[in-house]
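Written out below as structure tokens is the structure these notes cover.
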Amino acid sequence: MKFALIGAGQRGMIYSEYAHFKKGIEIVAVVEPNQERREIAASKFGIKPERQYTNAEEFFQAGKLCDAVIIASMDRDHFGQAMAALRCGYDILLEKPISPDPKECVQISQEAGRLGRRITVCHVLRYTNFFGTIKKILDSGELGRIVAIQHNENVGSYHIAHSFVRGNWRRSDTSSPIIMQKSCHDMDILAWFAGSEAKKVSSFGSLAHFKEENAPAGSTARCLDCPVAENCRFNAVHAYLPMRGFWPAAVLGPDQSEEGIMEALRTGPYGRCVYRCDNTVCDHQVTIIEFKNGVHASFTLSGFTDRVCRTMKIMCEHGEIRAEDDGNQIEITRFSANAFEAVEKKVIRTAVPRGGHGGGDSLLMEDFIGNFENDEAQSRTAIKNSIESHIMAYAAEQSRVSGETVDVDTLKEELMK
């Protein structure tokens with residue numbers, strides 16, 4: 001079996017390395033505009049010089065070279081690359097979001113259906129033991145029907161500064177709104193748990209902190225020449241130098257020596273003051289969802305948290321579930337008759353397979369690759385299952401901007417025109 005890689009950044013390399021080194025799949029081509037990343041991928045996978053491309057157009061002009069493509073490029077490149085890949089006859093592993101534009105999401109799905117091609121979306125959370133175990137508990141009916149869900153995505157103070165203030169996903173116009181880019185995962189989980197399509201969505205949020213008016217007095221545009229950097233918790237030297245070789249420092253470039261990190265901070269985007277970047281996405285957002293089956297959910301995305309994790313409380317007719325993926329702990333409580341009666345409580349700690357996202361990355365790849373051995377197989381995150389999450393995220397952003405509740409069926413009708 002042979003794959004090609006479009007986008008040799010961190011996510012694309014994770015998927016490709018698993019396919020190549022764990023499953024023996026040949027990576028025959030790489031498309032990557034950044035020379036350094038392209039050369040690293042080519043060296044790691046033994047890709048011939050003539051199959052190393054700087055842009056996707058050149059790759060697609062070469063015709064069909066392999067069985068499938070991994071598309072892990074920037075958000076706004078997904079639509080054109082996915083449509084071209086489908087028309088070349090490729091199956092696709094597609095990094096989320098499918099596209100920042102929900103109409104493009106629908107068009108990609110429709111084209112895949114028309115051509116009989118399979119697209120697996122990288123909604124890795126569905127593959128984890130943690131979320132999978134919660135889904136099994138809910139589906140078992142032991143706690144009765146779901147009534148409401150509280151779900152928090154704790155982005156983390158340093159994570160939001162890295163990815164959504166200094167990093168690639170800082171602007172809605174060049175990537176996606178944060179609720180689409182970061183939280184289409186969470187919209188997918190909420191719809192999966194609720195077992196229903198969304199009916200109405202309302203959302204509120206803003207960019208509250210990471211803007212120039214909140215910059216420390218006397219600070220400058222870059223951390224390395226800032227006279228007050230030592231007293232700033234967002235000092236890039238403190239954020240990245242101790243993390244050499246690991247995320248997020250690994251994103252700065254392949255040279256993870258102290259000299260390499262300092263040069264990246266001196267000249268690159270990650271050395272900028274978090275209060276003086278060109279970021280536009282929210283640093284916090286709250287969304288309320290009413291599902292068609294009567295389940296209600298509240299979702300909070302926040303960069304103002306210490307830990308980077310997801311926490312949730314699921315309230316059912318006969319009991320509740322409290323869970324956090326940081327410790328892979330799920331607490332199940334059955335309601336008692338009164339305050340003095342003993343409460344029946346069970347705690348589950350799910351196993352964590354090796355790999356990123358709680359083992360979800362590797363299990364996603366097992367699913368995607370396994371589908372080639374069974375023509376009838378359907379991926380857990382086939383594009384038809386992933387569209388709902390993107391429409392929900394788009395509806396949330398539309399509501400946040402307009403200040404109005406969005407009727408999801410009306411939105412879908414508009415998208416289908």
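Chain labels run A, B, ... following the order of the structure tokens; each chain numbers its residues from 1, and ligands are numbered from 1 in the order shown.
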
Residues within 10 Å of Arg166 in chain A, only C-alpha atoms, excluding chain neighbours under 3 positions, as JSON, numbers by chain: {"A": [160, 161, 162, 163, 169, 170, 171, 268, 269, 270, 271, 272, 273, 274, 275, 276, 277, 278, 279]}

Kindly export the residues of the current selection with C-alpha atoms, as a short mmCIF file (atom, residue, chain, number, x, y, z; two decimals), in the first residue's frame.
data_model
loop_
_atom_site.label_atom_id
_atom_site.label_comp_id
_atom_site.auth_asym_id
_atom_site.auth_seq_id
_atom_site.Cartn_x
_atom_site.Cartn_y
_atom_site.Cartn_z
CA ILE A 160 -3.55 29.41 23.57
CA ALA A 161 -0.57 31.79 23.56
CA HIS A 162 1.42 29.38 21.40
CA SER A 163 -1.19 28.21 18.89
CA TRP A 169 -4.27 29.51 13.97
CA ARG A 170 -4.30 33.06 15.35
CA ARG A 171 -6.50 34.61 12.63
CA GLY A 268 10.30 33.94 13.93
CA PRO A 269 6.67 34.42 14.99
CA TYR A 270 7.01 32.63 18.32
CA GLY A 271 9.31 35.30 19.74
CA ARG A 272 6.65 37.98 19.48
CA CYS A 273 4.95 39.66 22.42
CA VAL A 274 1.55 38.00 22.90
CA TYR A 275 0.01 41.43 23.36
CA ARG A 276 1.35 42.76 20.06
CA CYS A 277 0.53 40.00 17.56
CA ASP A 278 -2.00 40.19 14.72
CA ASN A 279 -4.31 37.61 16.32
#

Spatial neighbours of Leu411 in chain A, max dist 9 Å, only C-alpha atoms, sep filter under 4 positions, as number ranges by chain: A: 391, 395, 406-407, 415-416

Among range 128-169 of chain A, which ones does DSSP place in alpha helix (DSSP H), written as a PyMOL selection string? chain A and resi 129-140+157-161

Please produce a file of those selected residues containing C-alpha atoms, as a CSV table (one decimal), in the first residue's frame.
chain,number,residue,atom,x,y,z
A,129,ASN,CA,-10.6,4.6,25.2
A,130,PHE,CA,-11.7,7.6,27.4
A,131,PHE,CA,-14.4,9.0,25.1
A,132,GLY,CA,-15.3,5.5,23.8
A,133,THR,CA,-15.9,4.2,27.3
A,134,ILE,CA,-18.3,7.1,28.1
A,135,LYS,CA,-20.2,6.5,24.9
A,136,LYS,CA,-20.6,2.8,25.8
A,137,ILE,CA,-22.0,3.8,29.3
A,138,LEU,CA,-24.5,6.2,27.7
A,139,ASP,CA,-25.6,3.7,25.1
A,140,SER,CA,-26.1,1.0,27.7
A,157,SER,CA,-2.8,29.5,29.1
A,158,TYR,CA,0.4,28.5,27.4
A,159,HIS,CA,-1.3,26.6,24.7
A,160,ILE,CA,-3.5,29.4,23.6
A,161,ALA,CA,-0.6,31.8,23.6

Which one of A:Arg334, A:Arg11, A:Arg87, A:Arg307 sits closest to Ile108 in chain A if you count only C-alpha atoms?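 Closest to Ile108 in chain A of all the choices is A:Arg87.
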
Residues near Leu86 in chain A, anyone? I mean within 10 Å using only C-alpha atoms, not counting same-chain ones fewer than 3 positions away, as JSON, numbers by chain. {"A": [68, 69, 81, 82, 83, 89, 90, 91, 92, 108, 111, 112, 113, 114, 115, 116, 117, 118, 119]}
